[in-house]
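Peer 1: To start, I am sharing the structure in question, which I have written as structure tokens.
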Amino acid sequence: MSEPTERVAVSCPACSPEAETVHEILRNGGQATVRCTACSHVHKTTIERERTVDTEVIISQDGESFSSSVSVPADEKLAVGEEFLAETDEAIMTARITSLETADGRQDEARGEAVETIWSRAVGNVSVNVTLHPKSGTRDDTRSLKLQVPGEYEFTVDEVDEIGGEEFTVEGLYLRDDAEGYQHEKLDHPGDSAVAKDIQRVYARDESTSAWSAW
Ligand SMILES: [Zn+2]
């Protein structure tokens with residue numbers, strides 16, 4: 001019985017000096033000994049490995065915060081808006097970076113190694129703020145509520161949603177600062193849509209009251 005052989009892609013001085021071929025690692029180390037699987041040539045080479053660092057991460061969800069740690073590439077840039085998987089005691093959560101704390105204060109972008117704390121919010125499941133105004137009547141009758149939906153749940157202007165016992169027609173979508181890929185901060189044209197994790201607040205026309213009055 002032998003351990004499964006670790007493989008790596010490096011160039012082979014014998015058969016392929018320009019392009020990488022698959023090599024088996026015979027002995028690991030700063031100067032590793034490898035064998036080309038194409039021509040069986042054995043040689044020494046330096047294997048580049050991505051350096052990672054463990055960084056503290058704070059994940060907020062519905063007013064609560066969880067602390068955890070994630071492994072991030074030391075030399076790569078992290079940026080606000082990027083998403084990653086974080087493991088907490090409770091669950092594995094998808095989170096989006098909202099701020100990066102470094103020795104120089106909070107930044108929108110920083111090298112992994114320079115980040116002391118990653119501030120983030122959970123986007124796998126989110127609660128969306130909804131302001132409902134009645135179909136008829138005065139604006140004073142508006143209601144505000146929070147609805148729990150998957151982060152990828154899509155709201156579309158002029159479409160009817162039925163969530164948590166509420167029925168409403170979306171009229172406007174206010175987006176969060178960290179939402180990317182949209183033309184405007186506020187969407188209010190029929191057909192405009194956004195996913196729940198990008199939305200700060202949904203403005204909608206209450207349809208549930210008229211449904212009741214039909215009886
Ligand atoms: Zn070779």
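Residue numbers start at 1 in each chain; chains themselves are named A, B, ... in the order of the structure tokens; ligands are numbered from 1 in the order shown.
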I'd like the neighbourhood of Gln200 of chain A as an MDAnalysis selection string, where a residue qualifies if any of its atoms comes within 7 Å (using only C-alpha atoms), though same-chain residues fewer than 4 positions away should be ignored.
Peer 2: chainID A and resid 129 174:176
Peer 1: Go ahead and save the picked residues with N, CA and C atoms, as a compact mmCIF listing (two decimals), in the first residue's frame.
Peer 2:
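Resulting contents of again21.txt:
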```txt
# COMPACT_ATOMS: atom_id res chain seq x y z
N ASN A 129 -36.44 44.45 4.05
CA ASN A 129 -37.39 45.46 4.54
C ASN A 129 -38.39 45.77 3.44
N TYR A 174 -34.96 49.80 -3.58
CA TYR A 174 -33.78 50.57 -3.20
C TYR A 174 -32.64 49.61 -2.90
N LEU A 175 -31.49 49.82 -3.55
CA LEU A 175 -30.40 48.87 -3.44
C LEU A 175 -29.40 49.25 -2.35
N ARG A 176 -28.68 48.26 -1.87
CA ARG A 176 -27.64 48.48 -0.87
C ARG A 176 -26.39 49.06 -1.51
```
Peer 1: Can you pull out every residue within 6 Å of Thr131 of chain A, counting only C-alpha atoms, but drop anything in the same chain fewer than 4 positions away, and send it as a PyMOL selection string?
Peer 2: chain A and resi 143-144+203
Peer 1: Could you write out the selected residues, including N, CA and C atoms, as an mmCIF file, in the first residue's frame?
Peer 2:
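Resulting contents of out39.cif:
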```
data_model
loop_
_atom_site.group_PDB
_atom_site.id
_atom_site.type_symbol
_atom_site.label_atom_id
_atom_site.label_comp_id
_atom_site.auth_asym_id
_atom_site.auth_seq_id
_atom_site.Cartn_x
_atom_site.Cartn_y
_atom_site.Cartn_z
ATOM 1 N N ARG A 143 -47.466 50.237 5.931
ATOM 2 C CA ARG A 143 -46.966 49.256 6.897
ATOM 3 C C ARG A 143 -45.535 48.913 6.547
ATOM 4 N N SER A 144 -44.726 48.644 7.556
ATOM 5 C CA SER A 144 -43.361 48.180 7.310
ATOM 6 C C SER A 144 -43.201 46.784 7.868
ATOM 7 N N TYR A 203 -40.375 48.813 -1.971
ATOM 8 C CA TYR A 203 -41.607 49.599 -1.848
ATOM 9 C C TYR A 203 -42.671 48.894 -2.676
#
```
Peer 1: Could you list, as a list of chain:residue names, every residue within 9 Å of segment 89-101 of chain A, counting only C-alpha atoms and ignoring same-chain residues fewer than 6 positions away?
Peer 2: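 Everything that qualifies: A:Ile59, A:Ser60, A:Phe66, A:Ser68, A:Leu78, A:Ala79, A:Val80, A:Gly81, A:Glu82, A:Glu83, A:Gln107, A:Asp108, A:Glu109, A:Ala110, A:Ala114, A:Val115, A:Glu116, A:Thr117, A:Ile118, A:Trp119, A:Ser120, A:Arg121, A:Ala122, A:Val123, A:Gly124, A:Asn125, A:Asp178.
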Peer 1: Could I get the residue neighbourhood of ligand 1 at 7 Å, counting only C-alpha atoms and all ligand atoms, as a PDB file with C-alpha atoms, in the first residue's frame?
Peer 2:
```
ATOM      1  CA  CYS A  12       9.827  19.339 -17.847  1.00  0.00           C
ATOM      2  CA  PRO A  13      13.412  20.178 -18.920  1.00  0.00           C
ATOM      3  CA  ALA A  14      13.602  16.925 -20.926  1.00  0.00           C
ATOM      4  CA  CYS A  15      10.416  16.824 -22.976  1.00  0.00           C
ATOM      5  CA  SER A  16       8.518  20.055 -22.412  1.00  0.00           C
ATOM      6  CA  CYS A  36       7.382  13.805 -15.464  1.00  0.00           C
ATOM      7  CA  THR A  37       4.464  11.502 -16.321  1.00  0.00           C
ATOM      8  CA  ALA A  38       5.041  12.130 -20.033  1.00  0.00           C
ATOM      9  CA  CYS A  39       8.689  11.025 -20.261  1.00  0.00           C
ATOM     10  CA  SER A  40       9.533   9.753 -16.749  1.00  0.00           C
ATOM     11  CA  HIS A  41      12.379  12.254 -16.402  1.00  0.00           C
TER      12      HIS A  41
END
```
Peer 1: I'd like the interatomic distance between atom CA of Asp198 of chain A and atom CA of Asp54 of chain A, to a tenth of an Å.
Peer 2: 27.6 Å
Peer 1: Please identify all polymer residues within 12 Å of Asp141 of chain A, counting only C-alpha atoms, omitting same-chain residues fewer than 4 positions from it, and present them as a list in words.
Peer 2: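 With the cut-off at 12 Å, the set is Thr131, Leu132, His133, Pro134, Lys135, Ser136, Gly137, Arg205, Asp206 and Thr209 of chain A.
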Peer 1: Could you please write out, as a VMD selection string, every residue of segment 26-147 of chain A that DSSP assigns to strand (DSSP E)?
Peer 2: chain A and resid 26 to 27 32 to 36 42 to 45 52 to 61 64 to 73 77 to 79 83 to 87 92 to 102 105 to 107 109 to 111 115 to 122 125 to 134 143 to 147
Peer 1: Output as a ChimeraX atom specification all residues of chain A that backbone DSSP marks as helix (DSSP H, G or I).
Peer 2: /A:112-114,139-141,196-198,208-213
Peer 1: I'd like a table as a Markdown table: residues in segment 72-155 of chain A with an atom no more than 8 Å from segment 182-196 of chain A, each row giving the shortest atom pair and its distance in Å to one decimal, only C-alpha atoms counted, sorted by chain and rising residue number.
Peer 2:
```
| residue | atom | partner | partner_atom | distance |
| --- | --- | --- | --- | --- |
| A:Val126 | CA | A:Ala196 | CA | 7.0 |
| A:Val128 | CA | A:Ala196 | CA | 6.6 |
| A:Val149 | CA | A:Ala196 | CA | 7.2 |
| A:Pro150 | CA | A:Ala196 | CA | 7.2 |
| A:Gly151 | CA | A:Ala196 | CA | 5.1 |
| A:Glu152 | CA | A:Val195 | CA | 5.2 |
| A:Tyr153 | CA | A:Val195 | CA | 5.3 |
| A:Glu154 | CA | A:Val195 | CA | 4.3 |
| A:Phe155 | CA | A:Ser193 | CA | 5.5 |
```
Peer 1: What's around Asp75 of chain A at 9 Å? Count only C-alpha atoms, leave out sequence neighbours fewer than 3 positions away in its own chain, and write the answer as a PyMOL selection string.
Peer 2: chain A and resi 50-52+72+111-113
